[in-house]
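Participant: One structure follows; several queries about it will come next.
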Amino acid sequence: MPETLSAPSPAKVNLTLEVLSRRADGYHELETILQTLELAGDVTVTLESDTPGITVDGPCAGGVPADATNLALRAANALAARTGRDISRLHIHLEKRVPAAGGLGGGASDAATVLRLLQRAWGVPDAALQLAAESVGSDEGFFLAGGTAWATGRGERVRALPDIPPAAVVLFVSPGTLERKTARLFAALDAMPFDPGGVSALFARRPATQVTGWDIYNAFERVAFDVFPGLGRLYEALEERTGQPIHLAGAGPTLFWIGPESEAIRIAEAGEGLPCTTIRTRTAPSLWR
């Protein structure tokens, strides 16, 4: 019988995201506090399959590639190359429940979950996983840890933090995205003064108290409402209806609210009739620590 392994692949939000400078290698120097959510897809890996490759299913499967460009398959190939493993009969199945291309890290989370499952099967060290994750993208290293973490560099240097107190999160998923959205947002920020830094470090040292929208910072909010058509109007409508701070999730265009569970239903109702899909979820600790 083929050995089959499964695990959730959680979404994330950035609680802080500072863009400090443009680096000589073309990337940007970042400081960011990231947080995994209960909202998650599922990843299943079959090591010896008669149908190798990757399949994608689920309510958020639209637009997710089922070929060699998929981040999960790229991660498997990267780890196999570093460990000398044969993955010619490997099959990866993704059950997508995290909206794609929304700033929630769904693809990077799939990739990191594949790496952790292959580590479980092969017994490879964390260092090999980290190198494979870095070769695929910037958020994959965070998802190897999950929970609450502080990332620096281009996002690949990750330091685990104590979990924040549990909080409700309401996502407002905008229906559209843009080609090369992250590059376009960075290009827009390049024309402005960069962040001076210190917000993420301050957040990392804060006492273990309830996080709310008043604590969130995302540098992309300075440009995203000009780059994404209609997103500024959605943001303004949500803030007017809720009376609470609404923020951009990562590079967007998903917006989110974070705060006490007692407020979550009222906040979610604010999305009714607006051009977005509303998802209620919560912060979640790491699956892997």
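To be explicit about the labels: the chains of the structure tokens are called A, B, and onward in the order shown, and within each one the residues are counted from 1, while ligands get numbers from 1 in the order they are shown.
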Write out as number ranges by chain the residues lying within 12 Å of Arg22 (chain A), counting only C-alpha atoms and excluding same-chain residues fewer than 3 positions away.
Facilitator: A: 18-19, 25-30, 153-154, 186-187, 189-195
Participant: Fewer than 4 positions away in the same chain doesn't count, so skip those; otherwise give me all residues within 10 Å of Phe225 (chain A), counting only C-alpha atoms, as a ChimeraX atom specification.
Facilitator: /A:220-221,229-235,248,252-253
Participant: Go ahead and save the residues from that selection, with C-alpha atoms, as an mmCIF file, in the first residue's frame.
Facilitator:
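Wrote it out as out.cif, contents follow:
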```cif
data_model
loop_
_atom_site.group_PDB
_atom_site.id
_atom_site.type_symbol
_atom_site.label_atom_id
_atom_site.label_comp_id
_atom_site.auth_asym_id
_atom_site.auth_seq_id
_atom_site.Cartn_x
_atom_site.Cartn_y
_atom_site.Cartn_z
ATOM 1 C CA PHE A 220 1.488 48.192 1.538
ATOM 2 C CA GLU A 221 -1.601 50.097 2.700
ATOM 3 C CA PRO A 229 -9.250 48.909 -8.496
ATOM 4 C CA GLY A 230 -12.154 49.434 -6.109
ATOM 5 C CA LEU A 231 -10.294 48.264 -3.001
ATOM 6 C CA GLY A 232 -10.220 51.735 -1.454
ATOM 7 C CA ARG A 233 -14.011 52.000 -1.689
ATOM 8 C CA LEU A 234 -14.431 48.581 -0.045
ATOM 9 C CA TYR A 235 -12.022 49.552 2.733
ATOM 10 C CA LEU A 248 -4.715 44.740 4.260
ATOM 11 C CA GLY A 252 -3.751 41.903 -0.529
ATOM 12 C CA PRO A 253 -6.266 42.375 -1.852
#
```
Participant: For Gly105 (chain A), find every residue with an atom within 9 Å (counting only C-alpha atoms), except residues of its own chain fewer than 6 positions away, and show them as a list in words.
Facilitator: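 The residues that qualify are Pro10, Ala11, Lys12, Val13, Val98, Pro99, Asp139, Glu140, Phe143 and Gly250 of chain A.
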Participant: Near region 202-205 of chain A, within 8 Å and counting only C-alpha atoms, which residues show up once chain neighbours fewer than 2 positions away are dropped, as a PyMOL selection string?
Facilitator: chain A and resi 16+33+150+161+198-200+207
Participant: What parts of region 117-198 of chain A does DSSP call alpha helix (DSSP H)? I'd like the answer as a ChimeraX atom specification.
Facilitator: /A:117-122,126-136,140-145,181-190
Participant: Any chance you can output those residues with N, CA and C atoms as an mmCIF file, in the first residue's frame?
Facilitator:
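File written: result_2.cif
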```
data_model
loop_
_atom_site.group_PDB
_atom_site.id
_atom_site.type_symbol
_atom_site.label_atom_id
_atom_site.label_comp_id
_atom_site.auth_asym_id
_atom_site.auth_seq_id
_atom_site.Cartn_x
_atom_site.Cartn_y
_atom_site.Cartn_z
ATOM 1 N N LEU A 117 5.715 17.208 5.646
ATOM 2 C CA LEU A 117 5.269 15.818 5.470
ATOM 3 C C LEU A 117 6.403 14.955 4.927
ATOM 4 N N LEU A 118 7.179 15.492 3.987
ATOM 5 C CA LEU A 118 8.311 14.729 3.469
ATOM 6 C C LEU A 118 9.387 14.552 4.537
ATOM 7 N N GLN A 119 9.547 15.542 5.389
ATOM 8 C CA GLN A 119 10.471 15.384 6.506
ATOM 9 C C GLN A 119 10.028 14.234 7.403
ATOM 10 N N ARG A 120 8.734 14.139 7.652
ATOM 11 C CA ARG A 120 8.194 13.057 8.475
ATOM 12 C C ARG A 120 8.474 11.694 7.832
ATOM 13 N N ALA A 121 8.360 11.640 6.512
ATOM 14 C CA ALA A 121 8.570 10.375 5.815
ATOM 15 C C ALA A 121 10.045 10.014 5.681
ATOM 16 N N TRP A 122 10.881 11.022 5.433
ATOM 17 C CA TRP A 122 12.281 10.764 5.103
ATOM 18 C C TRP A 122 13.245 10.985 6.261
ATOM 19 N N ASP A 126 16.027 19.764 9.779
ATOM 20 C CA ASP A 126 15.381 21.060 9.575
ATOM 21 C C ASP A 126 16.173 21.948 8.622
ATOM 22 N N ALA A 127 17.504 21.858 8.655
ATOM 23 C CA ALA A 127 18.324 22.721 7.807
ATOM 24 C C ALA A 127 18.028 22.483 6.331
ATOM 25 N N ALA A 128 17.813 21.232 5.939
ATOM 26 C CA ALA A 128 17.483 20.928 4.541
ATOM 27 C C ALA A 128 16.120 21.501 4.179
ATOM 28 N N LEU A 129 15.170 21.417 5.109
ATOM 29 C CA LEU A 129 13.854 22.002 4.860
ATOM 30 C C LEU A 129 13.954 23.503 4.664
ATOM 31 N N GLN A 130 14.746 24.166 5.504
ATOM 32 C CA GLN A 130 14.864 25.610 5.424
ATOM 33 C C GLN A 130 15.460 26.036 4.088
ATOM 34 N N LEU A 131 16.495 25.342 3.631
ATOM 35 C CA LEU A 131 17.108 25.677 2.350
ATOM 36 C C LEU A 131 16.137 25.461 1.199
ATOM 37 N N ALA A 132 15.383 24.374 1.258
ATOM 38 C CA ALA A 132 14.387 24.128 0.217
ATOM 39 C C ALA A 132 13.311 25.199 0.232
ATOM 40 N N ALA A 133 12.861 25.577 1.429
ATOM 41 C CA ALA A 133 11.830 26.610 1.551
ATOM 42 C C ALA A 133 12.315 27.937 0.983
ATOM 43 N N GLU A 134 13.545 28.333 1.306
ATOM 44 C CA GLU A 134 14.088 29.607 0.827
ATOM 45 C C GLU A 134 14.225 29.632 -0.690
ATOM 46 N N SER A 135 14.471 28.474 -1.298
ATOM 47 C CA SER A 135 14.626 28.432 -2.747
ATOM 48 C C SER A 135 13.297 28.586 -3.474
ATOM 49 N N VAL A 136 12.183 28.366 -2.762
ATOM 50 C CA VAL A 136 10.856 28.465 -3.377
ATOM 51 C C VAL A 136 10.287 29.871 -3.232
ATOM 52 N N GLU A 140 7.550 30.751 2.792
ATOM 53 C CA GLU A 140 7.601 29.317 3.097
ATOM 54 C C GLU A 140 8.324 29.038 4.405
ATOM 55 N N GLY A 141 9.397 29.795 4.676
ATOM 56 C CA GLY A 141 10.131 29.595 5.915
ATOM 57 C C GLY A 141 9.272 29.866 7.137
ATOM 58 N N PHE A 142 8.423 30.893 7.068
ATOM 59 C CA PHE A 142 7.510 31.153 8.186
ATOM 60 C C PHE A 142 6.575 29.989 8.405
ATOM 61 N N PHE A 143 6.009 29.440 7.328
ATOM 62 C CA PHE A 143 5.034 28.367 7.484
ATOM 63 C C PHE A 143 5.660 27.074 7.992
ATOM 64 N N LEU A 144 6.980 26.924 7.871
ATOM 65 C CA LEU A 144 7.626 25.785 8.521
ATOM 66 C C LEU A 144 7.496 25.873 10.035
ATOM 67 N N ALA A 145 7.388 27.101 10.546
ATOM 68 C CA ALA A 145 7.246 27.319 11.985
ATOM 69 C C ALA A 145 5.784 27.529 12.356
ATOM 70 N N LYS A 181 1.131 41.362 -8.629
ATOM 71 C CA LYS A 181 0.640 42.361 -7.672
ATOM 72 C C LYS A 181 1.710 42.789 -6.672
ATOM 73 N N THR A 182 2.462 41.811 -6.133
ATOM 74 C CA THR A 182 3.450 42.167 -5.116
ATOM 75 C C THR A 182 4.543 43.042 -5.702
ATOM 76 N N ALA A 183 5.003 42.700 -6.906
ATOM 77 C CA ALA A 183 6.023 43.524 -7.564
ATOM 78 C C ALA A 183 5.503 44.934 -7.820
ATOM 79 N N ARG A 184 4.227 45.051 -8.177
ATOM 80 C CA ARG A 184 3.649 46.374 -8.442
ATOM 81 C C ARG A 184 3.550 47.193 -7.155
ATOM 82 N N LEU A 185 3.205 46.528 -6.057
ATOM 83 C CA LEU A 185 3.141 47.246 -4.788
ATOM 84 C C LEU A 185 4.529 47.708 -4.340
ATOM 85 N N PHE A 186 5.523 46.829 -4.471
ATOM 86 C CA PHE A 186 6.883 47.228 -4.120
ATOM 87 C C PHE A 186 7.361 48.384 -4.992
ATOM 88 N N ALA A 187 7.051 48.322 -6.289
ATOM 89 C CA ALA A 187 7.465 49.395 -7.190
ATOM 90 C C ALA A 187 6.848 50.724 -6.777
ATOM 91 N N ALA A 188 5.586 50.693 -6.336
ATOM 92 C CA ALA A 188 4.934 51.919 -5.875
ATOM 93 C C ALA A 188 5.594 52.443 -4.609
ATOM 94 N N LEU A 189 5.986 51.525 -3.702
ATOM 95 C CA LEU A 189 6.660 51.954 -2.468
ATOM 96 C C LEU A 189 8.053 52.510 -2.750
ATOM 97 N N ASP A 190 8.696 52.015 -3.808
ATOM 98 C CA ASP A 190 10.041 52.497 -4.137
ATOM 99 C C ASP A 190 10.057 54.000 -4.413
#
```
Participant: Restricting the calculation to only C-alpha atoms, which member of A:Pro245, A:Gly155, A:Gly137, A:Pro65 is positioned closest to Ala111 (chain A)?
Facilitator: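 Among the listed residues, the smallest separation from Ala111 (chain A) belongs to A:Gly137.
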Participant: Assign secondary structure with DSSP using the backbone only, and return the residues of region 77-273 of chain A in strand (DSSP E) as number ranges by chain.
Facilitator: A: 91-95, 148-153, 157-161, 168-173, 217-218, 247-248, 255-259
Participant: Go ahead and compute the interatomic distance for CA of Gly273 (chain A) and CA of Glu239 (chain A), in Å to one decimal.
Facilitator: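 Separating CA of Gly273 (chain A) from CA of Glu239 (chain A) is a distance of 14.5 Å.
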Participant: In terms of the shortest atom-to-atom distance over only C-alpha atoms, which of A:Ala7, A:Val169, A:Leu15, A:Leu255 is closest to Leu287 (chain A)?
Facilitator: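 Using only C-alpha atoms, Leu287 (chain A) sits closest to A:Ala7.
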Participant: Residues at most 12 Å from Pro59 (chain A), counting only C-alpha atoms, excluding those fewer than 4 positions away in the same chain, as a PyMOL selection string?
Facilitator: chain A and resi 40-42+63-64+94-100
Participant: Just write the chosen residues, C-alpha atoms, as a tab-separated table (two decimals), in the first residue's frame.
Facilitator:
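Done, and the output landed in result10.tsv:
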```tsv
chain	number	residue	atom	x	y	z
A	40	ALA	CA	-6.71	26.04	6.37
A	41	GLY	CA	-6.64	23.78	3.37
A	42	ASP	CA	-5.42	20.19	3.42
A	63	GLY	CA	-6.81	29.59	-10.72
A	64	VAL	CA	-4.41	27.35	-8.76
A	94	LEU	CA	-4.28	19.99	-2.42
A	95	GLU	CA	-7.72	20.63	-0.98
A	96	LYS	CA	-7.85	24.41	-1.32
A	97	ARG	CA	-9.89	26.30	1.28
A	98	VAL	CA	-7.69	29.41	1.49
A	99	PRO	CA	-8.54	32.01	-1.19
A	100	ALA	CA	-5.76	32.11	-3.76
```
Participant: As a ChimeraX atom specification, please: the residues near Phe172 (chain A) (cut-off 6 Å, only C-alpha atoms, same-chain neighbours under 4 positions excluded).
Facilitator: /A:254-256,276-278
Participant: Can you tell me how far CA of Thr113 (chain A) sits from CA of Asn70 (chain A), in Å to one decimal?
Facilitator: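 Rounded to one decimal, the two atoms are 13.3 Å apart.
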Participant: As a VMD selection string, please: the residues near Arg89 (chain A) (cut-off 8 Å, only C-alpha atoms, same-chain neighbours under 6 positions excluded).
Facilitator: chain A and resid 47 to 53
Participant: Generate the output file for the selected residues, C-alpha atoms, as a short mmCIF file (atom, residue, chain, number, x, y, z; two decimals), in the first residue's frame.
Facilitator:
```cif
data_model
loop_
_atom_site.label_atom_id
_atom_site.label_comp_id
_atom_site.auth_asym_id
_atom_site.auth_seq_id
_atom_site.Cartn_x
_atom_site.Cartn_y
_atom_site.Cartn_z
CA LEU A 47 4.97 8.62 -1.74
CA GLU A 48 4.48 5.71 -4.16
CA SER A 49 1.56 6.57 -6.41
CA ASP A 50 0.50 5.11 -9.74
CA THR A 51 -0.53 8.64 -10.76
CA PRO A 52 2.41 10.92 -9.83
CA GLY A 53 2.08 14.69 -10.05
#
```
Participant: If you measure from CA of Leu104 (chain A) to CA of Arg74 (chain A), what distance in Å do you get, rounded to one decimal?
Facilitator: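 Taking CA of Leu104 (chain A) as the start and CA of Arg74 (chain A) as the end point, the length is 19.1 Å.
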